[in-house]
$ cat query.txt   # compact mmCIF, C-alpha atoms
# COMPACT_ATOMS: atom_id res chain seq x y z
CA MET N 1 75.16 105.36 61.77
CA SER N 2 72.26 107.58 60.90
CA SER N 3 73.34 110.99 59.72
CA LEU N 4 72.39 113.83 62.01
CA SER N 5 70.57 116.95 60.96
CA ARG N 6 72.07 120.31 61.80
CA ARG N 7 69.32 120.84 64.33
CA GLN N 8 70.15 117.60 66.17
CA ILE N 9 73.84 118.50 66.29
CA LEU N 10 73.03 121.92 67.74
CA MET N 11 70.66 120.37 70.28
CA SER N 12 73.33 117.90 71.40
CA GLY N 13 75.92 120.64 71.63
CA ALA N 14 73.58 122.80 73.69
CA PHE N 15 72.79 119.87 75.95
CA LEU N 16 76.46 119.13 76.55
CA TRP N 17 77.08 122.82 77.22
CA LEU N 18 74.25 122.85 79.73
CA PHE N 19 75.80 119.97 81.64
CA ALA N 20 79.25 121.52 81.57
CA VAL N 21 77.81 124.70 83.07
CA ALA N 22 75.79 122.81 85.70
CA GLY N 23 78.77 120.63 86.69
CA THR N 24 81.15 123.59 86.90
CA THR N 25 78.64 125.57 88.95
CA LEU N 26 78.26 122.75 91.45
CA VAL N 27 82.01 122.26 91.78
CA ALA N 28 82.58 126.01 92.10
CA PHE N 29 79.90 126.26 94.78
CA THR N 30 81.43 123.37 96.76
CA GLU N 31 84.88 124.90 96.44
CA TYR N 32 83.57 128.22 97.67
CA SER N 33 81.84 126.72 100.69
CA THR N 34 84.74 124.45 101.71
CA SER N 35 87.73 126.66 100.96
CA SER N 36 87.97 128.29 104.40
CA ALA N 37 87.73 124.94 106.21
CA ILE N 38 90.39 123.48 103.89
CA ALA N 39 92.74 126.42 104.41
CA GLU N 40 92.28 126.09 108.18
CA ASN N 41 93.00 122.33 108.02
CA GLU N 42 96.17 122.95 106.05
CA ARG N 43 97.26 125.61 108.51
CA GLN N 44 96.64 123.27 111.45
CA LEU N 45 98.68 120.58 109.74
CA LEU N 46 101.55 123.01 109.21
CA LEU N 47 101.39 124.17 112.83
CA ARG N 48 101.30 120.55 114.02
CA ASN N 49 104.44 119.82 112.02
CA LEU N 50 106.19 122.99 113.21
CA TYR N 51 105.32 122.48 116.88
CA ALA N 52 106.62 118.92 116.62
CA LEU N 53 110.04 120.46 115.96
CA LEU N 54 109.89 123.48 118.26
CA PRO N 55 108.26 123.24 121.69
CA ARG N 56 105.48 125.81 122.01
CA ASP N 57 107.01 127.47 125.09
CA LYS N 58 110.14 128.44 123.15
CA LEU N 59 108.34 130.86 120.86
CA ASP N 60 105.60 133.45 121.16
CA ASN N 61 105.13 134.63 117.59
CA ASP N 62 102.78 133.27 114.93
CA ILE N 63 105.32 131.02 113.26
CA ALA N 64 103.01 129.97 110.42
CA THR N 65 102.77 133.54 109.12
CA ASP N 66 106.21 134.88 110.15
CA THR N 67 107.83 133.62 106.99
CA ARG N 68 110.37 134.75 104.47
CA THR N 69 110.48 133.49 100.93
CA LEU N 70 113.78 131.88 100.03
CA ALA N 71 114.92 131.66 96.43
CA ALA N 72 115.58 128.19 95.02
CA SER N 73 118.88 126.84 96.29
CA PRO N 74 120.88 123.69 95.55
CA LEU N 75 121.72 123.38 99.26
CA LEU N 76 118.03 123.25 100.17
CA GLY N 77 117.35 121.03 97.18
CA THR N 78 114.59 123.42 96.12
CA GLU N 79 113.80 124.29 92.53
CA MET N 80 111.39 127.08 93.30
CA GLU N 81 110.80 129.66 96.01
CA MET N 82 109.91 128.13 99.37
CA PRO N 83 109.04 129.78 102.66
CA VAL N 84 111.19 129.53 105.78
CA TYR N 85 109.26 129.74 109.07
CA ARG N 86 110.79 131.90 111.79
CA ALA N 87 110.31 131.39 115.50
CA ARG N 88 110.87 134.33 117.82
CA GLN N 89 110.46 135.02 121.51
CA THR N 90 109.85 138.63 122.57
CA GLY N 91 111.04 139.63 119.13
CA GLU N 92 114.38 137.83 119.37
CA PRO N 93 115.09 135.07 116.80
CA VAL N 94 114.89 131.57 118.27
CA ALA N 95 114.92 129.19 115.36
CA ALA N 96 114.18 128.82 111.65
CA VAL N 97 112.31 125.93 110.05
CA PHE N 98 113.31 125.19 106.46
CA ASN N 99 111.48 123.35 103.73
CA SER N 100 114.26 121.19 102.29
CA ILE N 101 114.18 118.47 99.69
CA ALA N 102 116.43 115.43 99.50
CA PRO N 103 116.44 114.97 95.73
CA ASN N 104 118.02 111.52 95.72
CA GLY N 105 115.69 109.24 97.70
CA TYR N 106 115.10 105.69 96.50
CA SER N 107 111.81 106.76 94.90
CA GLY N 108 112.38 110.39 94.10
CA ARG N 109 112.29 113.38 96.39
CA ILE N 110 111.95 113.30 100.15
CA HIS N 111 110.41 116.52 101.48
CA LEU N 112 111.71 117.58 104.89
CA LEU N 113 111.06 120.20 107.53
CA VAL N 114 114.37 121.04 109.17
CA GLY N 115 114.36 123.16 112.33
CA VAL N 116 117.60 125.02 113.13
CA TYR N 117 118.19 127.04 116.31
CA VAL N 118 119.94 130.41 115.95
CA ASP N 119 123.16 128.86 117.31
CA GLY N 120 123.19 126.45 114.35
CA SER N 121 122.14 123.30 116.22
CA LEU N 122 119.25 121.20 114.98
CA ALA N 123 115.90 121.49 116.70
CA GLY N 124 114.70 118.49 114.76
CA VAL N 125 113.86 117.07 111.37
CA ARG N 126 110.61 115.59 110.03
CA VAL N 127 109.78 113.96 106.73
CA VAL N 128 106.59 115.54 105.39
CA LYS N 129 106.27 113.79 102.03
CA HIS N 130 108.03 110.85 100.44
CA ALA N 131 107.48 107.78 98.28
CA GLU N 132 110.08 105.45 99.84
CA THR N 133 109.48 101.70 99.97
CA PRO N 134 106.93 100.71 102.65
CA GLY N 135 108.60 98.62 105.34
CA LEU N 136 112.15 99.61 104.33
CA GLY N 137 112.96 103.20 103.40
CA ASP N 138 109.82 104.62 104.97
CA ALA N 139 111.48 104.31 108.40
CA VAL N 140 112.59 107.91 107.80
CA GLU N 141 109.01 108.78 108.79
CA ILE N 142 108.47 109.37 112.51
CA ARG N 143 105.34 107.21 112.52
CA LYS N 144 107.41 104.19 111.48
CA SER N 145 110.67 104.66 113.38
CA PRO N 146 112.30 107.10 115.83
CA TRP N 147 115.40 107.25 113.57
CA ILE N 148 114.70 110.82 112.45
CA LYS N 149 115.16 111.98 116.05
CA SER N 150 118.86 111.07 115.86
CA PHE N 151 119.37 114.51 114.28
CA ASP N 152 118.13 116.39 117.37
CA GLY N 153 120.88 118.61 118.79
CA LYS N 154 123.36 117.86 116.00
CA SER N 155 125.19 120.69 114.26
CA LEU N 156 127.92 121.28 111.69
CA ASP N 157 130.68 120.56 114.26
CA ASN N 158 128.81 117.75 115.95
CA PRO N 159 129.66 115.41 114.36
CA GLU N 160 132.42 116.83 112.18
CA ALA N 161 131.81 117.14 108.44
CA SER N 162 133.43 113.81 107.47
CA ARG N 163 131.11 111.90 109.82
CA TRP N 164 127.87 113.46 108.47
CA ALA N 165 126.99 110.21 106.69
CA VAL N 166 125.38 106.85 107.36
CA LYS N 167 127.51 104.23 109.11
CA ARG N 168 128.05 102.25 105.94
CA ASP N 169 129.76 105.34 104.46
CA GLY N 170 131.90 105.78 107.58
CA GLY N 171 129.60 108.27 109.29
CA ASP N 172 127.70 108.51 112.57
CA PHE N 173 124.11 107.90 111.46
CA ASP N 174 122.39 104.51 111.39
CA GLN N 175 121.04 103.11 108.15
CA PHE N 176 118.12 100.66 108.08
CA THR N 177 118.33 96.96 107.41
CA GLY N 178 117.88 96.66 103.67
CA ALA N 179 117.69 100.39 103.04
CA THR N 180 120.71 102.68 102.87
CA ILE N 181 119.66 105.03 100.10
CA SER N 182 116.78 106.75 101.90
CA PRO N 183 118.68 107.57 105.14
CA ARG N 184 121.76 108.56 103.12
CA ALA N 185 119.66 111.05 101.15
CA VAL N 186 118.12 112.49 104.32
CA VAL N 187 121.48 112.84 106.12
CA LYS N 188 122.93 114.66 103.11
CA ALA N 189 119.93 117.00 102.83
CA VAL N 190 119.99 117.87 106.54
CA HIS N 191 123.72 118.59 106.39
CA ASN N 192 123.21 120.80 103.33
CA THR N 193 120.42 122.68 105.12
CA LEU N 194 122.81 123.41 108.00
CA LEU N 195 125.40 124.68 105.50
CA TYR N 196 122.73 126.89 103.94
CA TYR N 197 121.84 128.28 107.36
CA GLN N 198 125.53 128.97 108.14
CA GLN N 199 125.92 130.91 104.89
CA ASN N 200 122.63 132.83 105.15
CA ALA N 201 121.96 133.17 108.88
CA ASP N 202 121.88 136.98 108.83
CA MET N 203 119.53 137.23 105.89
CA ILE N 204 116.99 134.74 107.28
CA PHE N 205 115.93 136.74 110.34
CA ASP N 206 116.06 140.28 108.97
CA GLN N 207 112.87 142.13 107.94
CA MET V 1 63.08 93.77 84.46
CA THR V 2 65.62 93.02 87.12
CA THR V 3 64.33 92.37 90.61
CA ARG V 4 65.84 93.83 93.74
CA SER V 5 67.32 90.56 94.92
CA GLU V 6 68.88 90.02 91.49
CA ILE V 7 70.46 93.48 91.58
CA THR V 8 71.78 92.78 95.05
CA ARG V 9 73.19 89.36 94.16
CA ASN V 10 74.77 90.72 90.95
CA GLY V 11 76.43 93.63 92.69
CA ILE V 12 77.81 91.83 95.69
CA TRP V 13 78.64 88.43 94.28
CA SER V 14 77.85 87.08 90.84
CA ASN V 15 78.81 90.18 88.83
CA ASN V 16 81.20 91.68 91.39
CA VAL V 17 83.04 94.70 89.98
CA ALA V 18 86.47 93.62 91.17
CA LEU V 19 86.26 89.81 91.12
CA VAL V 20 84.17 89.19 87.99
CA GLN V 21 84.12 92.33 85.85
CA LEU V 22 87.75 93.06 86.81
CA LEU V 23 87.09 96.79 86.60
CA GLY V 24 88.63 99.53 88.67
CA LEU V 25 91.80 97.56 89.28
CA CYS V 26 94.06 100.61 89.17
CA PRO V 27 92.75 102.17 92.41
CA LEU V 28 92.05 98.72 93.85
CA LEU V 29 95.63 97.50 93.53
CA ALA V 30 97.12 100.84 94.52
CA VAL V 31 95.40 101.47 97.86
CA THR V 32 94.74 98.09 99.43
CA SER V 33 97.88 97.91 101.55
CA THR V 34 95.78 98.22 104.73
CA VAL V 35 92.15 97.68 105.74
CA ILE V 36 91.60 101.34 106.53
CA ASN V 37 92.95 102.53 103.18
CA GLY V 38 90.69 100.01 101.44
CA LEU V 39 87.68 101.06 103.48
CA GLY V 40 88.31 104.76 102.79
CA LEU V 41 88.53 104.35 99.05
CA GLY V 42 85.66 101.86 99.12
CA ILE V 43 83.32 104.32 100.81
CA ALA V 44 84.32 107.13 98.44
CA THR V 45 83.74 104.86 95.42
CA LEU V 46 80.40 103.69 96.81
CA ILE V 47 79.13 107.25 97.27
CA THR V 48 80.30 108.15 93.76
CA LEU V 49 78.54 105.11 92.28
CA VAL V 50 75.22 105.80 94.02
CA LEU V 51 75.26 109.49 93.09
CA SER V 52 76.39 109.02 89.50
CA ASN V 53 73.92 106.16 88.91
CA SER V 54 71.06 108.23 90.35
CA ILE V 55 71.85 111.33 88.31
CA VAL V 56 72.34 109.33 85.11
CA SER V 57 69.04 107.54 85.70
CA LEU V 58 67.20 110.83 86.28
CA ILE V 59 68.41 112.38 83.05
CA ARG V 60 68.18 109.20 80.95
CA GLY V 61 64.91 110.35 79.33
CA PHE V 62 66.29 113.42 77.64
CA VAL V 63 70.03 112.87 77.28
CA ARG V 64 70.81 112.53 73.57
CA SER V 65 72.59 109.31 72.76
CA GLU V 66 75.38 110.99 70.71
CA VAL V 67 76.58 112.99 73.72
CA ARG V 68 75.68 110.60 76.53
CA LEU V 69 79.26 109.44 77.23
CA PRO V 70 80.75 112.95 77.61
CA VAL V 71 77.76 113.85 79.79
CA PHE V 72 78.37 110.79 82.01
CA VAL V 73 82.05 111.68 82.29
CA LEU V 74 81.12 115.25 83.27
CA ILE V 75 78.73 114.00 85.94
CA ILE V 76 81.25 111.54 87.39
CA ALA V 77 84.09 114.08 87.37
CA SER V 78 81.91 116.68 89.12
CA VAL V 79 80.74 114.20 91.76
CA VAL V 80 84.30 113.03 92.47
CA THR V 81 85.62 116.59 92.74
CA ILE V 82 82.84 117.50 95.16
CA ILE V 83 83.61 114.41 97.27
CA GLU V 84 87.32 115.29 97.26
CA LEU V 85 86.68 118.87 98.41
CA THR V 86 84.23 117.74 101.09
CA MET V 87 86.69 115.16 102.38
CA LYS V 88 89.45 117.76 102.47
CA ALA V 89 87.23 120.04 104.54
CA MET V 90 85.75 117.43 106.90
CA PHE V 91 88.10 114.43 107.09
CA PHE V 92 91.45 116.08 106.51
CA ASP V 93 93.59 113.36 108.13
CA LEU V 94 91.99 110.70 106.00
CA TYR V 95 92.45 112.95 103.00
CA LEU V 96 96.18 113.06 103.72
CA VAL V 97 96.26 109.27 103.40
CA LEU V 98 93.86 108.78 100.51
CA GLY V 99 93.98 112.16 98.81
CA ILE V 100 96.09 111.17 95.86
CA PHE V 101 93.81 108.22 95.10
CA ILE V 102 90.52 110.11 95.07
CA PRO V 103 90.98 111.56 91.56
CA LEU V 104 91.66 107.97 90.49
CA ILE V 105 87.99 107.20 91.10
CA VAL V 106 87.24 109.11 87.90
CA THR V 107 89.31 106.55 86.03
CA ASN V 108 87.44 103.66 87.65
CA CYS V 109 85.76 102.14 84.61
CA ALA V 110 83.23 100.44 86.86
CA ILE V 111 81.49 103.76 87.42
CA ILE V 112 81.00 104.71 83.79
CA GLY V 113 80.31 101.03 83.10
CA ARG V 114 77.35 101.03 85.50
CA ALA V 115 76.17 104.42 84.21
CA GLU V 116 76.13 103.20 80.62
CA GLY V 117 75.19 99.57 81.24
CA PHE V 118 72.54 99.90 83.91
CA ALA V 119 71.58 103.36 85.14
CA SER V 120 70.88 104.79 81.68
CA ARG V 121 68.25 102.06 81.13
CA ASN V 122 66.57 101.87 84.52
CA SER V 123 64.51 104.10 86.77
CA LEU V 124 65.88 105.87 89.81
CA GLY V 125 65.19 103.19 92.44
CA PRO V 126 66.88 100.23 90.75
CA ALA V 127 69.73 102.46 89.48
CA ALA V 128 70.53 103.76 92.97
CA LEU V 129 70.25 100.25 94.39
CA ASP V 130 72.59 98.96 91.68
CA GLY V 131 75.10 101.69 92.54
CA LEU V 132 74.86 100.81 96.21
CA MET V 133 75.28 97.06 95.66
CA MET V 134 78.07 97.36 93.08
CA GLY V 135 79.76 99.79 95.48
CA LEU V 136 79.33 97.39 98.40
CA GLY V 137 80.76 94.55 96.32
CA PHE V 138 83.78 96.65 95.39
CA LEU V 139 84.16 97.88 98.97
CA SER V 140 84.16 94.36 100.40
CA VAL V 141 86.89 93.27 98.01
CA LEU V 142 88.95 96.36 98.93
CA VAL V 143 88.54 95.61 102.63
CA VAL V 144 89.24 91.86 102.37
CA LEU V 145 92.27 92.38 100.14
CA GLY V 146 93.47 95.20 102.41
CA GLY V 147 93.09 92.93 105.44
CA LEU V 148 94.92 90.08 103.74
CA ARG V 149 97.85 92.28 102.73
CA GLU V 150 97.97 94.13 106.03
CA ILE V 151 98.02 91.01 108.19
CA ILE V 152 100.63 89.28 106.03
CA GLY V 153 102.67 92.40 105.31
CA PHE V 154 102.64 94.24 108.63
CA GLY V 155 101.10 91.71 111.06
CA THR V 156 98.37 94.18 112.05
CA LEU V 157 94.72 94.87 111.28
CA PHE V 158 92.90 98.23 111.33
CA ALA V 159 96.15 100.18 111.80
CA HIS V 160 95.54 103.95 111.65
CA ALA V 161 91.81 103.44 112.23
CA GLU V 162 91.93 106.70 114.20
CA LEU V 163 92.41 108.60 110.93
CA MET V 164 88.89 107.65 109.98
CA PHE V 165 86.98 107.10 113.22
CA GLY V 166 88.77 109.40 115.70
CA ASP V 167 91.03 108.54 118.62
CA ALA V 168 88.59 106.05 120.18
CA ALA V 169 89.26 103.71 117.25
CA LYS V 170 92.87 103.17 118.34
CA ALA V 171 91.45 100.35 120.47
CA LEU V 172 90.49 98.57 117.23
CA VAL V 173 94.08 98.10 116.16
CA PHE V 174 94.95 94.45 116.29
CA GLU V 175 98.51 93.19 116.27
CA ILE V 176 99.23 89.48 115.95
CA ASN V 177 102.70 89.65 117.43
CA PRO V 178 104.85 92.71 118.19
CA ASP V 179 107.94 90.87 116.91
CA TYR V 180 106.38 90.01 113.55
CA PRO V 181 109.09 90.88 111.03
CA GLY V 182 106.66 91.83 108.26
CA PHE V 183 106.53 90.43 104.77
CA LEU V 184 107.36 93.17 102.33
CA LEU V 185 106.11 91.44 99.19
CA ALA V 186 102.52 91.58 100.44
CA VAL V 187 102.70 95.36 100.86
CA LEU V 188 104.36 96.09 97.51
CA PRO V 189 102.37 96.11 94.24
CA PRO V 190 103.09 92.42 93.41
CA GLY V 191 101.37 91.50 96.67
CA ALA V 192 98.24 93.25 95.41
CA PHE V 193 98.23 91.12 92.25
CA PHE V 194 98.85 87.88 94.16
CA GLY V 195 96.18 88.77 96.73
CA LEU V 196 93.58 89.63 94.09
CA ALA V 197 94.40 86.44 92.16
CA LEU V 198 93.86 84.40 95.32
CA LEU V 199 90.52 86.09 95.97
CA ILE V 200 89.33 85.49 92.40
CA ALA V 201 90.45 81.86 92.60
CA ALA V 202 88.67 81.44 95.93
CA LYS V 203 85.45 82.91 94.53
CA ASN V 204 85.59 80.68 91.44
CA TRP V 205 86.32 77.64 93.59
CA PHE V 206 83.34 78.46 95.78
CA ASP V 207 81.02 79.00 92.79
CA LEU V 208 82.10 75.83 90.97
CA ARG V 209 82.15 73.56 94.00
CA PRO V 210 78.59 72.17 93.70
CA VAL V 211 79.13 71.47 90.00
CA VAL V 212 82.33 69.57 90.68
CA GLN V 213 80.62 67.55 93.40
CA GLN V 214 77.78 66.73 91.04
CA GLN V 215 80.19 65.69 88.32
CA THR V 216 82.24 63.50 90.62
CA SER V 217 79.09 61.89 91.94
CA THR V 218 77.85 61.12 88.42
CA VAL V 219 81.28 59.78 87.56
CA SER V 220 81.32 57.54 90.60
CA ALA V 221 77.81 56.43 89.82
CA GLU V 222 78.93 55.45 86.34
CA THR V 223 81.95 53.57 87.58
CA VAL V 224 79.73 51.68 89.98
$ encode --input "query.txt" --output "structure tokens"
Amino acid sequence: MSSLSRRQILMSGAFLWLFAVAGTTLVAFTEYSTSSAIAENERQLLLRNLYALLPRDKLDNDIATDTRTLAASPLLGTEMEMPVYRARQTGEPVAAVFNSIAPNGYSGRIHLLVGVYVDGSLAGVRVVKHAETPGLGDAVEIRKSPWIKSFDGKSLDNPEASRWAVKRDGGDFDQFTGATISPRAVVKAVHNTLLYYQQNADMIFDQ
Amino acid sequence: MTTRSEITRNGIWSNNVALVQLLGLCPLLAVTSTVINGLGLGIATLITLVLSNSIVSLIRGFVRSEVRLPVFVLIIASVVTIIELTMKAMFFDLYLVLGIFIPLIVTNCAIIGRAEGFASRNSLGPAALDGLMMGLGFLSVLVVLGGLREIIGFGTLFAHAELMFGDAAKALVFEINPDYPGFLLAVLPPGAFFGLALLIAAKNWFDLRPVVQQQTSTVSAETV
């Protein structure tokens, strides 16, 4: 290795600095010019997920922005504040859509959107993010299997608490061939979300 | 001086990134569960390679050798971030599928390997061509391996093509048999290793075939 003079070291440093500035500028410029399109895409995705749970004709408010921030709760499986989306028609509450997390999936957390009508019955459930085994546990996803629709219309009394489980555990909900853990985690999380709603129903729609 | 046809042959076949150099295996093994996933990452990698090779070649005259590696890393990271943001803005559905793998492109050693090994010593034309051909070689392996795993694992080909090409592409989806039970191993990570091993073996078999024939013919000539 040839030893470098102070001048060479400074030149190299300046050169590196120049590239760091140029690279950061380019990235910042791209971020600036794409950020509104990205925000709109994310909003559309959220609306698509919400409208999959609640038919459009049942609400007339802007559900994506009519939110309330809920503190972390063990029943929702959340460890930080998460929004709840509120559907209303002519100002009257129709349903709430919760962000819940099933913490005990086969490969970590399963993120859910759980829609609950004001009367405490389920509008529907969708898995929004998960890492379950492809071909087995990923049947919780609507693209892979209609299983998740078996929650539609269920509530805390239907079925009764002891039957809120997969069939292998003596409950009412199907498991999948070769995969019990993922559906078990989802069933538990949905039941807990309903319990959360029962305990906090008044708070959710005020403001 | 490397000629154009040499660059092309090197990139696509004889010095293929995935089959010969065995670089970039982390993203390769992770995403190739379907053709469309493979194609998506392949295109993103190809664009990155062409851009990073071109930029590196343009600055090769005045980049100081002591800082060239950090400079290359900066260039590649910036290019990948710009691609990620653009994809998020323009192909959001595809981004939802591939998003978590895009930052992995930065860790694809093939890209810095080509920057250091080729682009920093050649002029713009050959460097861009090398990026294109190396990218095409990598892309074809991603697509072939994705196809292999998809057809064995799920019994389909081009599933979710609509994420990339719009709703019209749903017609592309090919299903061998609706009752196909699927073969989980092919979809899981071990299937990626087995599939890649088979592809490498097939390539080596193909390359060595004439030699083996020659040898056997000399042997038989001797025995006669």
$ interface_residues --input "query.txt" --of "chain V" --to "chain N" --cutoff "7 Å" --atoms "all atoms listed in the file" --output "PyMOL selection string"
chain V and resi 64+67+71+74-75+78+81-82+85-86+88-89+92+184
$ closest_residue --input "query.txt" --among "V:Leu142, V:Ile152, V:Val97, V:Met134" --to "Gln21 in chain V" --atoms "all atoms listed in the file"
V:Met134
$ closest_residue --input "query.txt" --among "N:Asn158, N:Asn104, N:Ser182, N:Asn99" --to "Glu141 in chain N" --atoms "only C-alpha atoms"
N:Ser182
$ residues_around --input "query.txt" --residues "Pro103 in chain N" --least-positions-apart "4" --cutoff "10 Å" --atoms "only C-alpha atoms" --output "number ranges by chain"
N: 74, 76-78, 107-111, 185-186, 188-189
$ residues_around --input "query.txt" --residues "Gly38 in chain V" --least-positions-apart "2" --cutoff "8 Å" --atoms "only C-alpha atoms" --output "list in words"
Leu28, Val31, Thr32, Ser33, Thr34, Val35, Ile36, Gly40, Leu41, Gly42, Leu139, Leu142, Val143, Leu145 and Gly146 of chain V
$ atom_distance --input "query.txt" --atom1 "CA of Ala77 in chain V" --atom2 "CA of Arg7 in chain N"
28.2 Å
$ residues_near_point --input "query.txt" --point "(90.7, 98.9, 116.8)" --cutoff "10 Å" --atoms "only C-alpha atoms" --output "VMD selection string"
chain V and resid 157 to 162 165 167 to 175
$ atom_distance --input "query.txt" --atom1 "CA of Leu94 in chain V" --atom2 "CA of Arg149 in chain V"
19.6 Å
$ residues_around --input "query.txt" --residues "range 191-200 of chain V" --least-positions-apart "5" --cutoff "6 Å" --atoms "all atoms listed in the file" --output "PyMOL selection string"
chain V and resi 19+29+185-186
$ residues_around --input "query.txt" --residues "Leu50 in chain N" --least-positions-apart "5" --cutoff "9 Å" --atoms "only C-alpha atoms" --output "ChimeraX atom specification"
/N:45,55,63-64,85,97,113,115
$ write_last_selection --input "query.txt" --atoms "C-alpha atoms" --output "short mmCIF file (atom, residue, chain, number, x, y, z; two decimals), in the frame of the given file"
data_model
loop_
_atom_site.label_atom_id
_atom_site.label_comp_id
_atom_site.auth_asym_id
_atom_site.auth_seq_id
_atom_site.Cartn_x
_atom_site.Cartn_y
_atom_site.Cartn_z
CA LEU N 45 98.68 120.58 109.74
CA PRO N 55 108.26 123.24 121.69
CA ILE N 63 105.32 131.02 113.26
CA ALA N 64 103.01 129.97 110.42
CA TYR N 85 109.26 129.74 109.07
CA VAL N 97 112.31 125.93 110.05
CA LEU N 113 111.06 120.20 107.53
CA GLY N 115 114.36 123.16 112.33
#
$ atom_distance --input "query.txt" --atom1 "CA of Glu132 in chain N" --atom2 "CA of Tyr106 in chain N"
6.0 Å
$ residues_near_point --input "query.txt" --point "(112.9, 132.0, 104.5)" --cutoff "6 Å" --atoms "all atoms listed in the file" --output "VMD selection string"
chain N and resid 67 to 70 83 to 84 204
$ closest_residue --input "query.txt" --among "V:Leu104, V:Leu148, V:Ile111, V:Leu51" --to "Leu124 in chain V" --atoms "all atoms listed in the file"
V:Leu51
$ residues_around --input "query.txt" --residues "Ala128 in chain V" --least-positions-apart "4" --cutoff "12 Å" --atoms "all atoms listed in the file" --output "VMD selection string"
chain V and resid 4 7 to 8 11 46 to 58 114 to 115 118 to 120 122 to 124 132 to 135
$ build_atoms --input "query.txt" --residues "range 202-213 of chain V" --atoms "N, CA and C atoms" --output "mmCIF file, keeping the file's coordinate frame"
data_model
loop_
_atom_site.group_PDB
_atom_site.id
_atom_site.type_symbol
_atom_site.label_atom_id
_atom_site.label_comp_id
_atom_site.auth_asym_id
_atom_site.auth_seq_id
_atom_site.Cartn_x
_atom_site.Cartn_y
_atom_site.Cartn_z
ATOM 1 N N ALA V 202 89.525 81.921 94.845
ATOM 2 C CA ALA V 202 88.670 81.440 95.930
ATOM 3 C C ALA V 202 87.198 81.563 95.546
ATOM 4 N N LYS V 203 86.849 82.715 94.925
ATOM 5 C CA LYS V 203 85.450 82.910 94.530
ATOM 6 C C LYS V 203 85.049 81.864 93.481
ATOM 7 N N ASN V 204 85.910 81.652 92.484
ATOM 8 C CA ASN V 204 85.590 80.680 91.440
ATOM 9 C C ASN V 204 85.463 79.269 92.022
ATOM 10 N N TRP V 205 86.378 78.958 92.942
ATOM 11 C CA TRP V 205 86.320 77.640 93.590
ATOM 12 C C TRP V 205 84.986 77.470 94.299
ATOM 13 N N PHE V 206 84.586 78.534 95.010
ATOM 14 C CA PHE V 206 83.340 78.460 95.780
ATOM 15 C C PHE V 206 82.144 78.297 94.841
ATOM 16 N N ASP V 207 82.147 79.060 93.724
ATOM 17 C CA ASP V 207 81.020 79.000 92.790
ATOM 18 C C ASP V 207 80.932 77.653 92.089
ATOM 19 N N LEU V 208 82.094 77.052 91.782
ATOM 20 C CA LEU V 208 82.100 75.830 90.970
ATOM 21 C C LEU V 208 81.971 74.582 91.814
ATOM 22 N N ARG V 209 82.127 74.718 93.111
ATOM 23 C CA ARG V 209 82.150 73.560 94.000
ATOM 24 C C ARG V 209 80.956 72.617 93.801
ATOM 25 N N PRO V 210 79.715 73.112 93.838
ATOM 26 C CA PRO V 210 78.590 72.170 93.700
ATOM 27 C C PRO V 210 78.646 71.409 92.390
ATOM 28 N N VAL V 211 79.055 72.107 91.316
ATOM 29 C CA VAL V 211 79.130 71.470 90.000
ATOM 30 C C VAL V 211 80.130 70.332 90.044
ATOM 31 N N VAL V 212 81.295 70.596 90.626
ATOM 32 C CA VAL V 212 82.330 69.570 90.680
ATOM 33 C C VAL V 212 81.825 68.369 91.464
ATOM 34 N N GLN V 213 81.146 68.649 92.599
ATOM 35 C CA GLN V 213 80.620 67.550 93.400
ATOM 36 C C GLN V 213 79.635 66.720 92.598
#
